$ cat run.cif   # mmCIF, C-alpha atoms and all ligand atoms
data_run
loop_
_atom_site.label_atom_id
_atom_site.label_comp_id
_atom_site.auth_asym_id
_atom_site.auth_seq_id
_atom_site.Cartn_x
_atom_site.Cartn_y
_atom_site.Cartn_z
CA MET F 1 33.95 8.66 4.60
CA ARG F 2 32.34 9.05 1.20
CA ILE F 3 30.01 6.10 1.78
CA LYS F 4 28.94 7.62 5.10
CA HIS F 5 28.11 10.84 3.28
CA LEU F 6 26.08 8.96 0.65
CA ILE F 7 24.14 7.10 3.36
CA ARG F 8 23.39 10.38 5.10
CA GLN F 9 22.18 11.86 1.79
CA PHE F 10 20.00 8.79 1.17
CA ARG F 11 18.44 9.03 4.64
CA ALA F 12 17.72 12.73 4.14
CA TRP F 13 16.07 11.88 0.80
CA GLN F 14 14.03 9.14 2.50
CA ARG F 15 12.58 11.68 4.92
CA ASN F 16 12.00 14.44 2.38
CA PRO F 17 12.23 13.46 -1.30
CA VAL F 18 10.38 16.33 -2.98
CA GLN F 19 11.44 19.96 -2.91
CA TYR F 20 8.97 22.41 -4.38
CA SER F 21 10.22 25.64 -5.89
CA ASP F 22 8.13 28.57 -4.76
CA GLN F 23 7.98 31.40 -7.28
CA GLY F 24 6.67 33.48 -4.38
CA LEU F 25 5.43 37.00 -4.90
CA GLN F 26 7.28 37.50 -8.16
CA GLU F 27 4.84 38.66 -10.84
CA HIS F 28 4.35 36.61 -14.00
CA HIS F 29 2.80 37.47 -17.32
CA CYS F 30 1.08 34.38 -18.71
CA ALA F 31 2.42 33.59 -22.19
CA ASN F 32 -0.73 31.63 -23.00
CA CYS F 33 -3.63 33.93 -22.00
CA GLY F 34 -1.95 37.20 -21.03
CA HIS F 35 -3.09 37.25 -17.40
CA THR F 36 -0.75 38.80 -14.80
CA TYR F 37 -0.42 36.80 -11.56
CA THR F 38 1.82 35.55 -8.76
CA GLY F 39 2.46 31.87 -8.05
CA ASN F 40 3.57 28.72 -9.88
CA PHE F 41 0.58 28.38 -12.22
CA CYS F 42 -1.70 30.79 -14.11
CA PRO F 43 -5.04 30.91 -12.20
CA VAL F 44 -6.97 31.62 -15.44
CA CYS F 45 -5.71 28.98 -17.88
CA GLY F 46 -3.52 26.75 -15.69
CA GLN F 47 -0.25 27.08 -17.67
CA GLU F 48 2.89 26.63 -15.61
CA ALA F 49 4.92 29.73 -14.77
CA GLY F 50 8.56 30.01 -15.76
CA ASP F 51 10.79 29.67 -18.78
CA ILE F 52 8.85 29.24 -22.04
CA ARG F 53 11.93 28.61 -24.23
CA ILE F 54 12.15 25.22 -25.93
CA THR F 55 15.24 23.57 -24.45
CA TRP F 56 16.82 20.10 -24.68
CA ARG F 57 15.84 19.58 -21.06
CA LEU F 58 12.20 20.32 -21.97
CA ILE F 59 12.34 17.80 -24.82
CA GLY F 60 13.63 15.14 -22.44
CA GLN F 61 10.97 15.95 -19.85
CA SER F 62 8.22 15.88 -22.50
CA PHE F 63 9.21 12.40 -23.62
CA LEU F 64 9.32 11.14 -20.03
CA LYS F 65 5.91 12.73 -19.38
CA ALA F 66 4.49 10.92 -22.42
CA TRP F 67 5.33 7.69 -20.57
CA GLY F 68 3.77 9.05 -17.40
CA ILE F 69 7.13 9.61 -15.70
CA ASP F 70 7.26 12.73 -13.54
CA SER F 71 7.51 13.39 -9.81
CA HIS F 72 4.02 12.16 -8.87
CA SER F 73 3.95 9.37 -11.46
CA LEU F 74 3.50 5.65 -10.93
CA PRO F 75 7.15 4.61 -11.60
CA ASN F 76 8.43 7.32 -9.25
CA THR F 77 5.93 6.36 -6.53
CA LEU F 78 6.81 2.66 -6.92
CA MET F 79 10.49 3.51 -6.50
CA GLN F 80 9.61 5.45 -3.35
CA LEU F 81 7.48 2.55 -2.12
CA MET F 82 10.49 0.26 -2.43
CA LEU F 83 13.09 2.65 -0.93
CA ARG F 84 11.13 4.62 1.70
CA PRO F 85 7.86 2.71 2.26
CA GLY F 86 7.03 3.95 5.77
CA TYR F 87 7.78 7.59 4.98
CA LEU F 88 5.75 7.42 1.75
CA ILE F 89 2.70 6.08 3.62
CA SER F 90 3.27 8.66 6.35
CA ASP F 91 3.39 11.45 3.74
CA TYR F 92 0.10 10.22 2.29
CA LEU F 93 -1.62 10.05 5.69
CA TYR F 94 -0.38 13.55 6.61
CA GLY F 95 -1.78 15.00 3.39
CA HIS F 96 1.18 15.05 0.99
CA ARG F 97 -1.14 13.54 -1.62
CA ARG F 98 -0.19 15.48 -4.72
CA ALA F 99 3.41 14.24 -4.43
CA SER F 100 2.57 10.59 -5.15
CA TYR F 101 0.41 8.32 -7.28
CA PRO F 102 -2.91 7.37 -5.56
CA PRO F 103 -2.44 4.09 -3.61
CA VAL F 104 -5.60 2.26 -4.72
CA ASN F 105 -4.89 3.01 -8.41
CA MET F 106 -1.32 1.84 -7.83
CA LEU F 107 -2.52 -1.46 -6.32
CA PHE F 108 -4.77 -2.10 -9.33
CA VAL F 109 -2.15 -1.20 -11.94
CA VAL F 110 0.56 -3.27 -10.22
CA THR F 111 -1.86 -6.21 -9.94
CA VAL F 112 -2.84 -6.06 -13.61
CA VAL F 113 0.78 -5.74 -14.75
CA TYR F 114 1.78 -8.62 -12.47
CA LEU F 115 -1.02 -10.86 -13.82
CA ILE F 116 -0.12 -10.05 -17.44
CA ILE F 117 3.59 -10.77 -16.90
CA ALA F 118 2.80 -13.92 -14.90
CA GLN F 119 0.56 -15.12 -17.76
CA LEU F 120 3.03 -14.24 -20.54
CA PHE F 121 6.09 -15.80 -18.95
CA ASP F 122 4.23 -18.46 -17.00
CA ILE F 123 6.08 -17.51 -13.82
CA SER F 124 3.42 -18.28 -11.22
CA ARG F 125 4.37 -21.90 -10.87
CA THR F 126 2.84 -22.37 -7.44
CA GLU F 127 1.25 -25.81 -7.44
CA HIS F 128 -2.34 -26.42 -6.47
CA PHE F 129 -3.18 -28.34 -3.33
CA SER F 130 -4.72 -31.70 -4.08
CA TYR F 131 -7.72 -33.24 -2.37
CA SER F 132 -5.72 -36.35 -1.49
CA ASP F 133 -3.59 -34.27 0.94
CA VAL F 134 -6.44 -33.78 3.41
CA PRO F 135 -9.39 -35.74 4.85
CA GLU F 136 -12.59 -35.33 2.87
CA LYS F 137 -14.13 -33.24 5.64
CA TYR F 138 -11.63 -30.45 4.88
CA ALA F 139 -11.87 -30.59 1.08
CA ILE F 140 -13.31 -27.07 1.18
CA ALA F 141 -10.04 -25.80 2.71
CA VAL F 142 -8.24 -27.09 -0.40
CA ASP F 143 -10.69 -25.08 -2.53
CA ILE F 144 -9.94 -21.97 -0.50
CA MET F 145 -6.15 -22.42 -0.68
CA ASN F 146 -6.38 -23.02 -4.45
CA TRP F 147 -8.54 -19.92 -4.80
CA PHE F 148 -5.75 -17.92 -3.10
CA ILE F 149 -3.24 -19.38 -5.57
CA ASP F 150 -5.47 -18.59 -8.57
CA ASN F 151 -6.34 -15.09 -7.33
CA PRO F 152 -3.06 -13.85 -5.82
CA ALA F 153 -4.15 -10.19 -5.81
CA TRP F 154 -7.46 -10.72 -4.00
CA GLY F 155 -5.74 -13.21 -1.74
CA LEU F 156 -2.95 -10.79 -0.78
CA LEU F 157 -5.42 -7.95 -0.23
CA THR F 158 -7.55 -10.13 2.07
CA PHE F 159 -4.35 -11.28 3.81
CA THR F 160 -2.98 -7.76 4.36
CA LEU F 161 -6.37 -6.38 5.47
CA MET F 162 -6.18 -8.88 8.35
CA PHE F 163 -3.28 -6.75 9.66
CA CYS F 164 -5.51 -3.64 10.08
CA ILE F 165 -6.92 -4.50 13.49
CA PRO F 166 -3.75 -5.92 15.17
CA THR F 167 -1.66 -3.07 13.71
CA TRP F 168 -4.13 -0.53 15.04
CA PHE F 169 -4.17 -2.25 18.44
CA PHE F 170 -0.41 -2.68 18.99
CA PHE F 171 0.72 0.60 17.42
CA ARG F 172 -1.97 2.93 18.76
CA PHE F 173 0.41 4.60 21.25
CA ALA F 174 3.31 4.84 18.78
CA PRO F 175 5.60 7.93 18.84
CA ARG F 176 4.43 8.81 15.33
CA HIS F 177 0.82 8.46 14.13
CA THR F 178 -0.51 8.09 17.64
CA GLN F 179 -4.14 6.88 17.59
CA HIS F 180 -4.22 6.17 13.86
CA THR F 181 -7.72 5.25 12.73
CA LEU F 182 -8.77 1.94 11.17
CA ALA F 183 -9.61 3.81 7.95
CA GLU F 184 -5.98 4.97 7.82
CA GLY F 185 -5.04 1.37 8.65
CA VAL F 186 -6.84 0.18 5.50
CA PHE F 187 -4.75 2.59 3.42
CA ILE F 188 -1.56 1.39 5.14
CA GLN F 189 -2.46 -2.20 4.21
CA ILE F 190 -3.33 -1.25 0.62
CA TYR F 191 0.27 -0.04 0.31
CA MET F 192 1.46 -3.27 1.98
CA ALA F 193 -0.61 -5.34 -0.48
CA THR F 194 1.18 -3.56 -3.35
CA ILE F 195 4.54 -4.32 -1.74
CA SER F 196 3.47 -7.96 -1.25
CA ILE F 197 2.60 -8.32 -4.95
CA ILE F 198 6.02 -6.95 -5.91
CA CYS F 199 7.61 -9.40 -3.42
CA THR F 200 5.60 -12.23 -5.01
CA PHE F 201 6.92 -11.18 -8.38
CA ILE F 202 10.54 -11.11 -7.16
CA SER F 203 10.23 -14.48 -5.38
CA ASN F 204 8.69 -16.00 -8.53
CA ILE F 205 11.80 -15.00 -10.47
CA PHE F 206 14.30 -16.31 -7.90
CA THR F 207 12.54 -19.61 -7.24
CA ASN F 208 15.77 -21.27 -6.05
CA VAL F 209 15.84 -19.12 -2.88
CA ILE F 210 13.60 -20.97 -0.42
CA GLY F 211 11.23 -18.80 1.58
CA LEU F 212 12.24 -15.63 -0.26
CA PHE F 213 8.65 -14.32 -0.27
CA ILE F 214 8.31 -14.63 3.52
CA ILE F 215 11.75 -13.04 4.10
CA LEU F 216 10.99 -10.11 1.76
CA VAL F 217 7.50 -9.43 3.13
CA ALA F 218 8.66 -9.70 6.78
CA ALA F 219 11.59 -7.34 6.08
CA TYR F 220 9.28 -4.85 4.35
CA TYR F 221 6.73 -4.95 7.16
CA TYR F 222 9.52 -4.29 9.68
CA VAL F 223 11.08 -1.39 7.72
CA THR F 224 7.70 0.15 6.93
CA TYR F 225 6.36 -0.02 10.48
CA ARG F 226 9.62 1.35 11.85
CA GLN F 227 9.59 4.34 9.49
CA LEU F 228 5.85 4.89 9.86
CA PHE F 229 5.34 4.53 13.62
CA GLY F 230 8.77 5.62 14.89
CA TYR F 231 9.47 2.86 17.42
CA ARG F 232 13.09 1.65 17.66
CA PHE F 233 14.38 -1.86 16.87
CA TRP F 234 12.82 -3.92 19.69
CA GLY F 235 9.73 -1.78 20.00
CA THR F 236 8.99 -2.32 16.32
CA LEU F 237 9.96 -6.00 16.26
CA TRP F 238 7.89 -7.35 19.13
CA ARG F 239 4.81 -5.33 18.17
CA MET F 240 5.15 -6.51 14.56
CA LEU F 241 5.51 -10.15 15.62
CA LEU F 242 2.44 -9.86 17.87
CA ALA F 243 0.51 -8.26 15.00
CA ILE F 244 1.55 -11.12 12.69
CA ALA F 245 0.45 -13.71 15.29
CA VAL F 246 -2.97 -12.06 15.72
CA ALA F 247 -3.34 -11.58 11.95
CA PHE F 248 -2.60 -15.30 11.54
CA TRP F 249 -5.42 -16.21 13.93
CA LEU F 250 -7.75 -13.77 12.19
CA ILE F 251 -6.92 -15.51 8.90
CA VAL F 252 -7.76 -18.89 10.46
CA LEU F 253 -11.01 -17.39 11.75
CA ALA F 254 -11.79 -15.95 8.32
CA MET F 255 -11.11 -19.35 6.75
CA VAL F 256 -13.56 -20.98 9.16
CA ILE F 257 -16.18 -18.34 8.30
CA MET F 258 -15.46 -18.76 4.59
CA VAL F 259 -15.84 -22.54 4.87
CA ILE F 260 -19.26 -22.03 6.46
CA VAL F 261 -20.28 -19.42 3.87
CA TRP F 262 -18.90 -21.45 0.94
CA ARG F 263 -20.83 -24.51 2.08
CA SER F 264 -24.14 -22.66 2.20
CA GLU F 265 -25.96 -23.10 -1.09
CA LYS F 266 -26.97 -19.46 -1.50
CA ILE F 267 -23.41 -18.32 -2.20
CA GLU F 268 -22.80 -21.16 -4.65
CA MET F 269 -25.10 -19.42 -7.13
CA LEU F 270 -23.04 -16.21 -7.14
CA PRO F 271 -20.37 -15.73 -9.82
CA SER F 272 -16.92 -16.30 -8.33
CA LEU F 273 -15.93 -12.62 -8.65
CA PHE F 274 -18.59 -11.60 -6.13
CA ARG F 275 -17.23 -13.75 -3.33
CA PRO F 276 -14.02 -11.76 -2.69
CA ILE F 277 -16.01 -8.53 -3.00
CA ILE F 278 -18.45 -9.76 -0.34
CA ILE F 279 -15.57 -10.81 1.94
CA ILE F 280 -13.73 -7.49 1.58
CA THR F 281 -16.95 -5.52 2.08
CA ALA F 282 -17.64 -7.50 5.25
CA LEU F 283 -14.09 -6.78 6.51
CA LEU F 284 -14.39 -3.05 5.76
CA ALA F 285 -17.81 -2.91 7.44
CA ALA F 286 -16.39 -4.60 10.54
CA GLY F 287 -13.54 -2.09 10.59
CA TYR F 288 -15.98 0.78 10.20
CA PHE F 289 -18.08 -0.29 13.19
CA ILE F 290 -15.03 -0.86 15.39
CA SER F 291 -13.52 2.52 14.50
CA ARG F 292 -16.86 4.26 15.09
CA ARG F 293 -16.93 2.84 18.60
CA THR F 294 -13.32 3.86 19.29
CA ALA F 295 -13.96 7.34 17.85
CA VAL F 296 -16.77 7.80 20.37
CA ASN F 297 -14.45 6.67 23.20
CA ARG F 298 -11.77 9.09 22.05
CA ARG F 299 -14.23 11.97 21.92
CA THR F 300 -15.47 11.31 25.45
CA ALA F 301 -11.84 11.03 26.65
CA LYS F 302 -11.10 14.42 25.06
CA ASP F 303 -14.24 15.98 26.57
CA ASN F 304 -13.25 14.76 30.04
CA LYS F 305 -9.81 16.27 29.65
CA GLY F 306 -11.01 19.64 28.37
ZN ZN F 401 -2.90 31.99 -18.48
#
$ encode --input "run.cif" --output "structure tokens"
Amino acid sequence: MRIKHLIRQFRAWQRNPVQYSDQGLQEHHCANCGHTYTGNFCPVCGQEAGDIRITWRLIGQSFLKAWGIDSHSLPNTLMQLMLRPGYLISDYLYGHRRASYPPVNMLFVVTVVYLIIAQLFDISRTEHFSYSDVPEKYAIAVDIMNWFIDNPAWGLLTFTLMFCIPTWFFFRFAPRHTQHTLAEGVFIQIYMATISIICTFISNIFTNVIGLFIILVAAYYYVTYRQLFGYRFWGTLWRMLLAIAVAFWLIVLAMVIMVIVWRSEKIEMLPSLFRPIIIITALLAAGYFISRRTAVNRRTAKDNKG
């Protein structure tokens, strides 16, 4: 009985984690600048309304704030990303932006922290592919796979961005977020890349569990898509599996393109950092052109209706 109640509370929190107190029409006298106003903050100097007494609670909050821990902080947003991923992304897409840490910043911070920890504790023990594994003709594929191993963050971002187009295609008539745009799809995958890095981290700690990374990432994709798009069990599962299959073929296609580009001598002269930037720019540009076309179709469909 009690466990049932806790689960119900947890699910309610998943849907709506932040409650804002509204000081409403009550008048405040700003202790800092003397202005009289209504609302939660002074419009002249920006000081927060409410109790100005120094309390133990305030001391605790100040110390947490010094570490960047408050409701829209990185640790809080990461916790939300782990416990309510689909709803967090949904909140962001619907405009609840102030309530969470910005997703791109989060991806960069998580990546940097992951790389530092991986370096310090030498936990990324993934072995490089060797040239003797494949015929000489495909030696370039070994280079690409090893590049993914050496640059896990860029690799995961490229990998997750491949999900944009199939996700958009298979989930475009979903009960929630109907007709989501490819630009929104990029943001969804930026969140998924962050989750993937955390899953990499976890699977690098528990190396004795075989296939842990795949299990974790698949489970997170399922939970996220279910919460975000609102299909039920089967509806989510078969669309997700189709999206994974298409994403896989897109990755193969991207590898083929990369092999061709890598082989050309012009790109050899570029520093290695530029290559992933070029690839991601090309992907974003492709997404932009596709979504521009679909936006035009949608507009004409709307015009015909109205
Ligand atoms: Zn003031």
$ closest_residue --input "run.cif" --among "F:Met240, F:Ile59, F:Cys30, F:Ala218" --to "ligand ZN 401 (chain F)" --atoms "all atoms listed in the file"
F:Cys30
$ closest_residue --input "run.cif" --among "F:Tyr288, F:Phe248, F:Phe233, F:Phe187" --to "Pro102 of chain F" --atoms "only C-alpha atoms"
F:Phe187
$ residues_near_ligand --input "run.cif" --ligand "ligand ZN 401 (chain F)" --cutoff "7 Å" --atoms "only C-alpha atoms and all ligand atoms" --output "JSON list (two decimals) with C-alpha atoms, in the frame of the given file"
[["chain", "number", "residue", "atom", "x", "y", "z"],
["F", 30, "CYS", "CA", 1.08, 34.38, -18.71],
["F", 31, "ALA", "CA", 2.42, 33.59, -22.19],
["F", 32, "ASN", "CA", -0.73, 31.63, -23.00],
["F", 33, "CYS", "CA", -3.63, 33.93, -22.00],
["F", 34, "GLY", "CA", -1.95, 37.20, -21.03],
["F", 35, "HIS", "CA", -3.09, 37.25, -17.40],
["F", 42, "CYS", "CA", -1.70, 30.79, -14.11],
["F", 43, "PRO", "CA", -5.04, 30.91, -12.20],
["F", 44, "VAL", "CA", -6.97, 31.62, -15.44],
["F", 45, "CYS", "CA", -5.71, 28.98, -17.88],
["F", 46, "GLY", "CA", -3.52, 26.75, -15.69],
["F", 47, "GLN", "CA", -0.25, 27.08, -17.67]]
$ atom_distance --input "run.cif" --atom1 "atom CA of Gln227 of chain F" --atom2 "atom CA of Leu157 of chain F"
21.7 Å
$ closest_residue --input "run.cif" --among "F:Ile195, F:Val112, F:Leu253, F:Leu64" --to "Gln80 of chain F" --atoms "all atoms listed in the file"
F:Ile195
$ build_atoms --input "run.cif" --residues "segment 104-136 of chain F" --atoms "N, CA and C atoms" --output "compact mmCIF listing (two decimals), in the coordinates of the input"
# COMPACT_ATOMS: atom_id res chain seq x y z
N VAL F 104 -4.69 3.30 -4.24
CA VAL F 104 -5.60 2.26 -4.72
C VAL F 104 -5.37 2.02 -6.21
N ASN F 105 -5.20 3.14 -6.98
CA ASN F 105 -4.89 3.01 -8.41
C ASN F 105 -3.60 2.21 -8.59
N MET F 106 -2.61 2.52 -7.72
CA MET F 106 -1.32 1.84 -7.83
C MET F 106 -1.48 0.34 -7.62
N LEU F 107 -2.29 -0.04 -6.59
CA LEU F 107 -2.52 -1.46 -6.32
C LEU F 107 -3.12 -2.15 -7.55
N PHE F 108 -4.12 -1.49 -8.18
CA PHE F 108 -4.77 -2.10 -9.33
C PHE F 108 -3.83 -2.23 -10.52
N VAL F 109 -3.06 -1.15 -10.80
CA VAL F 109 -2.15 -1.20 -11.94
C VAL F 109 -1.08 -2.27 -11.73
N VAL F 110 -0.50 -2.29 -10.52
CA VAL F 110 0.56 -3.27 -10.22
C VAL F 110 0.00 -4.69 -10.35
N THR F 111 -1.23 -4.89 -9.85
CA THR F 111 -1.86 -6.21 -9.94
C THR F 111 -2.03 -6.64 -11.39
N VAL F 112 -2.59 -5.72 -12.21
CA VAL F 112 -2.84 -6.06 -13.61
C VAL F 112 -1.53 -6.37 -14.33
N VAL F 113 -0.52 -5.52 -14.11
CA VAL F 113 0.78 -5.74 -14.75
C VAL F 113 1.36 -7.09 -14.30
N TYR F 114 1.26 -7.35 -13.00
CA TYR F 114 1.78 -8.62 -12.47
C TYR F 114 1.07 -9.81 -13.14
N LEU F 115 -0.27 -9.74 -13.24
CA LEU F 115 -1.02 -10.86 -13.82
C LEU F 115 -0.65 -11.07 -15.28
N ILE F 116 -0.48 -9.93 -16.03
CA ILE F 116 -0.12 -10.05 -17.44
C ILE F 116 1.25 -10.71 -17.59
N ILE F 117 2.24 -10.21 -16.80
CA ILE F 117 3.59 -10.77 -16.90
C ILE F 117 3.59 -12.24 -16.47
N ALA F 118 2.85 -12.54 -15.39
CA ALA F 118 2.80 -13.92 -14.90
C ALA F 118 2.22 -14.85 -15.98
N GLN F 119 1.20 -14.33 -16.71
CA GLN F 119 0.56 -15.12 -17.76
C GLN F 119 1.52 -15.32 -18.94
N LEU F 120 2.16 -14.20 -19.37
CA LEU F 120 3.03 -14.24 -20.54
C LEU F 120 4.22 -15.17 -20.34
N PHE F 121 4.86 -15.04 -19.17
CA PHE F 121 6.09 -15.80 -18.95
C PHE F 121 5.86 -17.03 -18.10
N ASP F 122 4.58 -17.27 -17.75
CA ASP F 122 4.23 -18.46 -17.00
C ASP F 122 5.10 -18.59 -15.74
N ILE F 123 5.17 -17.48 -14.96
CA ILE F 123 6.08 -17.51 -13.82
C ILE F 123 5.41 -17.94 -12.51
N SER F 124 4.05 -17.88 -12.48
CA SER F 124 3.42 -18.28 -11.22
C SER F 124 3.27 -19.79 -11.19
N ARG F 125 4.35 -20.45 -10.79
CA ARG F 125 4.37 -21.90 -10.87
C ARG F 125 3.95 -22.57 -9.57
N THR F 126 3.28 -21.79 -8.70
CA THR F 126 2.84 -22.37 -7.44
C THR F 126 1.86 -23.52 -7.73
N GLU F 127 2.11 -24.66 -7.13
CA GLU F 127 1.25 -25.81 -7.44
C GLU F 127 -0.01 -25.81 -6.60
N HIS F 128 -1.07 -26.32 -7.19
CA HIS F 128 -2.34 -26.42 -6.47
C HIS F 128 -2.26 -27.50 -5.40
N PHE F 129 -3.05 -27.29 -4.34
CA PHE F 129 -3.18 -28.34 -3.33
C PHE F 129 -4.10 -29.41 -3.90
N SER F 130 -3.85 -30.65 -3.55
CA SER F 130 -4.72 -31.70 -4.08
C SER F 130 -5.60 -32.25 -2.96
N TYR F 131 -6.74 -32.77 -3.36
CA TYR F 131 -7.72 -33.24 -2.37
C TYR F 131 -7.19 -34.43 -1.58
N SER F 132 -6.23 -35.16 -2.19
CA SER F 132 -5.72 -36.35 -1.49
C SER F 132 -4.85 -35.98 -0.29
N ASP F 133 -4.44 -34.69 -0.19
CA ASP F 133 -3.59 -34.27 0.94
C ASP F 133 -4.36 -34.21 2.25
N VAL F 134 -5.68 -34.01 2.19
CA VAL F 134 -6.44 -33.78 3.41
C VAL F 134 -7.64 -34.71 3.49
N PRO F 135 -8.16 -34.94 4.72
CA PRO F 135 -9.39 -35.74 4.85
C PRO F 135 -10.55 -35.06 4.11
N GLU F 136 -11.50 -35.83 3.70
CA GLU F 136 -12.59 -35.33 2.87
C GLU F 136 -13.35 -34.17 3.52
